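Visitor: This structure is in structure tokens; I'll ask about it shortly.
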Amino acid sequence: MKPRYLFPKDFMADPSANVFNDRVYIYPSHDWDAGECFDDDGGHFQMLDYHVLSLDDVMNGAVTDHGEVLHVNQVAWAEKQMWDNDVVEKDGKYYLVFSAKDYNGVFHLGVAVSERPEGPFVPAPQPIRGSFSIDPCVFKDDDGEVYCYFGGLWGGQLQWYAAPESLPVMGEPHDDLVTIGPPQYGRKNGEMLIPASCPALPSYAARMNDDMSQFAEAPRPVVILDENGEPMKAGDPHRFFEASWMHKYQGKYYFSYSTGDSHLLCYAIGDNPYGPFRYQGVILEPVIGWTTHHSIVEYKGQWYLFHHDSAPSNGVTHLRSLKVVPISYDADGRIIPPVIE
């Protein structure tokens, strides 16, 4: 089936799709042209607010815009760049976990709560302690436990705070975090200087506490194993870069993610929420635009891949449009890549 552009009235990206009350709710970031120059740290992505979209017929139905549900001016600790977010329901309330940059220029994760999936959301006065980087996905398992997956390189700053234990850690602590210094995890002319033979920097996962206000544990690295069963290396074009997403199919945990500068959407499968996850393949080849940020959700017996591209804006990377296409699985539980037009 031909993919559908969901909301041509406005530029939105990074769709986190969830099913609440028998309706699909989409939580995107909200692109606009702030006049900033393009740079590898995402300085041109100056998102200010979040909207909520919903629909009950994914491929043909009308899309409802519930309007602005949270603005950066409402978040006491955040200065700018309201990037990706996701929402989870717990005990009858809806928790929006989002990423934004504080007044020291550091990305953290924050939490805002609502009585309704369409918001509006009221933010907590402080970010999640021990949080860093971007692109949260909040996954509710069958037993009711909620896990937060997050992380992103370059503009997402993951390389500042996380590295394999086998490599030296340098620099002074920043609150409860550690800065990674050169040369192993430095940058030059926009290029990561991680040796290709070193382990790839992973995303992170942490179980949330009962009231969804904080991590219940220290974040753990999400290890992706290559086809040989070894931790994926930094030089592998299928390694993690950003855009974590978790869904469950037939009892298995499917961790999907963007590879960033190799412009692929890949996935790996594990037996528990923490992994390790064994690499399975590519879901999407490169789209028009920088990354293939996405979500995967089942609705009324059909699975869907929500993503974005920059085709409607003629390739302008910070003006992206939401898109959706049905997907399916083969008899072995492997995702059958959709045909994208």
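Quick note on naming: the chains in the structure tokens go A, B, ... in the order shown, residues restart at 1 in each chain, and ligands are numbered from 1 in order of appearance.
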List every residue of region 46-131 of chain A that has an atom at most 12 Å from any atom of region 301-317 of chain A, giving for each one its closest atom pair and the distance in Å to one decimal, counting only C-alpha atoms, sorted by chain and then by ascending residue number, as a tab-separated table.
Guide:
```
residue	atom	partner	partner_atom	distance
A:Asp57	CA	A:Gln302	CA	11.2
A:Val58	CA	A:Tyr304	CA	8.5
A:Met59	CA	A:Tyr304	CA	9.6
```
Visitor: So which residues touch region 19-26 of chain A within 6 Å, counting only C-alpha atoms, skipping near sequence neighbours fewer than 5 positions away, as a PyMOL selection string?
Guide: chain A and resi 52-56
Visitor: I want to know what sits within 12 Å of Gly251 (chain A), based on only C-alpha atoms, with residues of the same chain fewer than 4 positions away left out; could you give that as a PyMOL selection string?
Guide: chain A and resi 141-142+247+269-273+333
Visitor: Using only C-alpha atoms, which protein or nucleic acid residues come within 6 Å of region 221-229 of chain A? Drop anything in the same chain fewer than 4 positions from it, and give the result as a list in words.
Guide: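 Once the adjacent positions are removed, what remains is Pro202, Ser203, Tyr204, Pro276, Phe277, Arg278 and Tyr279 of chain A.
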